[in-house]
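For reference, entry.txt is printed below; it contains compact mmCIF, C-alpha atoms.
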# COMPACT_ATOMS: atom_id res chain seq x y z
CA MET K 1 86.53 14.34 48.04
CA ALA K 2 88.13 14.85 51.43
CA SER K 3 84.86 14.24 53.26
CA ALA K 4 84.47 10.87 51.51
CA TYR K 5 88.00 9.98 52.56
CA PHE K 6 87.31 10.95 56.19
CA ALA K 7 84.07 8.98 56.26
CA ALA K 8 85.69 5.91 54.72
CA SER K 9 88.69 5.85 57.03
CA GLY K 10 86.80 6.55 60.26
CA SER K 11 89.37 9.14 61.22
CA ALA K 12 86.87 12.01 60.94
CA TYR K 13 85.65 10.94 64.37
CA PHE K 14 88.94 12.11 65.89
CA LEU K 15 89.03 15.55 64.22
CA PRO K 16 87.09 17.30 67.05
CA HIS K 17 89.44 15.71 69.58
CA ALA K 18 92.49 17.05 67.75
CA LEU K 19 90.97 20.51 67.43
CA LEU K 20 89.97 20.54 71.10
CA ALA K 21 93.47 19.55 72.20
CA LEU K 22 95.07 22.18 69.96
CA SER K 23 92.71 24.94 71.08
CA GLY K 24 93.33 24.04 74.73
CA SER K 25 97.05 24.18 74.04
CA GLY K 26 96.67 27.60 72.44
CA ILE K 27 94.75 28.97 75.41
CA LEU K 28 97.34 27.66 77.87
CA ALA K 29 100.16 29.10 75.75
CA PHE K 30 98.40 32.49 75.70
CA PHE K 31 98.24 32.64 79.49
CA ALA K 32 101.84 31.43 79.81
CA GLN K 33 102.98 34.19 77.45
CA ARG K 34 101.13 36.83 79.49
CA ALA K 35 102.75 35.57 82.68
CA PHE K 36 106.23 35.57 81.13
CA VAL K 37 105.75 39.13 79.81
CA VAL K 38 105.14 40.52 83.29
CA ARG K 39 108.30 38.82 84.51
CA THR K 40 110.54 39.93 81.64
CA ARG K 41 109.52 43.50 80.80
CA GLY K 42 107.43 44.39 83.85
CA VAL K 43 107.67 47.79 85.49
CA ARG K 44 107.60 47.99 89.29
CA VAL K 45 105.48 50.72 90.87
CA THR K 46 104.08 51.32 94.32
CA GLY K 47 100.34 51.07 94.73
CA VAL K 48 97.94 51.31 97.65
CA CYS K 49 95.98 48.49 99.26
CA VAL K 50 92.29 49.41 98.90
CA LYS K 51 90.46 46.24 99.92
CA HIS K 52 90.81 42.69 101.21
CA THR K 53 88.90 39.79 99.71
CA PHE K 54 88.51 36.40 101.31
CA ALA K 55 88.95 33.19 99.35
CA LYS K 56 89.15 29.55 100.35
CA ASP K 57 92.97 29.75 100.19
CA GLY K 58 93.26 32.84 102.38
CA VAL K 59 93.13 36.61 102.06
CA ALA K 60 93.81 38.42 98.79
CA VAL K 61 94.62 42.10 98.55
CA ILE K 62 93.21 44.49 95.94
CA VAL K 63 95.81 47.11 95.05
CA ARG K 64 95.22 50.35 93.16
CA TYR K 65 98.23 51.50 91.16
CA GLU K 66 99.06 54.22 88.67
CA THR K 67 101.08 53.76 85.49
CA ALA K 68 103.73 56.14 84.19
CA SER K 69 101.14 57.69 81.84
CA GLY K 70 98.81 58.44 84.77
CA GLU K 71 96.19 55.74 84.18
CA LYS K 72 94.80 54.05 87.28
CA PHE K 73 94.20 50.33 87.53
CA ARG K 74 93.48 47.68 90.15
CA CYS K 75 95.24 44.39 90.69
CA LEU K 76 94.40 41.34 92.79
CA SER K 77 97.16 39.52 94.68
CA ARG K 78 97.33 35.77 95.19
CA PRO K 79 95.54 34.57 98.33
CA GLN K 80 97.79 34.12 101.35
CA ALA K 81 97.22 32.97 104.92
CA VAL K 82 97.72 36.55 106.14
CA ALA K 83 97.12 39.73 104.14
CA CYS K 84 100.37 41.23 102.85
CA ALA K 85 99.22 44.77 103.67
CA ARG K 86 96.59 46.66 105.58
CA ILE K 87 94.15 48.96 103.83
CA GLY K 88 95.90 52.20 102.94
CA GLU K 89 99.44 50.76 103.10
CA PRO K 90 101.77 50.84 100.07
CA VAL K 91 102.18 47.64 98.05
CA ASP K 92 104.54 46.95 95.14
CA VAL K 93 102.97 46.04 91.79
CA VAL K 94 104.66 44.82 88.61
CA TYR K 95 102.76 45.55 85.39
CA ASP K 96 103.31 45.20 81.65
CA PRO K 97 103.87 48.67 80.16
CA ARG K 98 102.21 47.66 76.88
CA ARG K 99 99.13 46.23 78.64
CA PRO K 100 98.91 47.91 82.05
CA LYS K 101 95.94 45.74 83.12
CA ASN K 102 98.30 42.74 83.06
CA ALA K 103 99.79 43.14 86.54
CA GLU K 104 100.82 41.08 89.55
CA VAL K 105 101.66 41.70 93.17
CA PRO K 106 105.11 40.35 94.19
CA PRO K 107 106.46 37.83 95.07
CA ILE K 108 106.45 36.74 91.45
CA GLY K 109 107.75 33.28 90.70
CA TYR K 110 108.34 31.42 87.46
CA GLY K 111 106.47 28.27 88.53
CA MET K 112 103.10 29.14 86.99
CA PRO K 113 104.40 30.24 83.55
CA TYR K 114 106.56 27.13 83.25
CA MET K 115 103.68 24.91 84.33
CA LEU K 116 101.34 26.52 81.79
CA SER K 117 103.97 26.10 79.06
CA ALA K 118 104.44 22.43 79.93
CA LEU K 119 100.68 21.83 79.91
CA ALA K 120 100.42 23.57 76.54
CA LEU K 121 102.98 21.10 75.17
CA VAL K 122 101.19 18.17 76.79
CA PHE K 123 98.02 19.14 74.92
CA ALA K 124 99.74 20.15 71.66
CA VAL K 125 101.73 16.97 71.02
CA PRO K 126 98.77 14.54 71.00
CA GLY K 127 96.62 17.07 69.15
CA LEU K 128 99.20 17.43 66.40
CA GLY K 129 99.76 13.67 66.34
CA ILE K 130 96.05 13.00 65.81
CA LEU K 131 95.83 15.74 63.19
CA PHE K 132 98.79 14.36 61.22
CA TRP K 133 97.32 10.87 61.52
CA ILE K 134 94.03 12.12 60.08
CA ILE K 135 95.67 14.02 57.24
CA GLY K 136 98.31 11.38 56.50
CA GLY K 137 95.78 8.59 56.51

As structure tokens, please, write out the structure in this file.
Amino acid sequence: MASAYFAASGSAYFLPHALLALSGSGILAFFAQRAFVVRTRGVRVTGVCVKHTFAKDGVAVIVRYETASGEKFRCLSRPQAVACARIGEPVDVVYDPRRPKNAEVPPIGYGMPYMLSALALVFAVPGLGILFWIIGG
């Protein structure tokens, strides 16, 4: 019954668009939530710079750090014009105690999580509007 209604109204054509917008919104919201978690409940530890990597935006630092439970992880900093540390020097790391792989090298700003949240809303509002239009007829 519903498929006949969708075919008759022509709105079934827009269903993939609505689902794509809503799934994109969900993915952006997931990454925004991960970024906010590091900023709100993050634990600061001192790690060691183990390697430099070169990107188009500059030099990024790979930092090895140890959690309170003794697990060892690696974290990649954001690329900068100049490396923030030499190999073997200590570097601060902020990680999520519930998911220690979710870590960042300071400085940590709120710009990226807010931008991801805003983009999630930008995708969610039209996606929900199309979906309600399809269902409501």

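Note that the spacing between atom CA of K:Lys72 and atom CA of K:Gly42 amounts to 16.3 Å.
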
Inset, instruction - Would you list the residues near (105.2, 34.0, 77.5), meaning any protein, DNA or RNA residue with an atom at most 12 Å from that point in file coordinates, counting all atoms listed in the file, as a list in words? - result: Gly26, Ile27, Leu28, Ala29, Phe30, Phe31, Ala32, Gln33, Arg34, Ala35, Phe36, Val37, Val38, Arg39, Thr40, Arg41, Tyr110, Met112, Pro113, Tyr114, Met115, Leu116, Ser117, Ala118 and Ala120 of chain K

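The closest residue to K:Arg74, picked from K:Thr53, K:Gly88, K:Pro100, K:Leu19 and counting only C-alpha atoms, is K:Pro100.
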
Inset, instruction - Could you give me, as number ranges by chain, the residues within 9 Å of K:Phe14, counting only C-alpha atoms and dropping anything in the same chain fewer than 6 positions from it? - result: K: 130-131, 134

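Minimum atom-to-atom distance to K:Val61, evaluated using all atoms listed in the file, belongs to K:Val91 out of K:Leu22, K:Val91, K:Ala124, K:Leu15.
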
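Take atom CA of K:Ser77 and atom CA of K:Val63: the distance between them is 7.7 Å.
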
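When atom CA of K:Gly24 is paired with atom CA of K:Gly111, their separation reads 19.5 Å.
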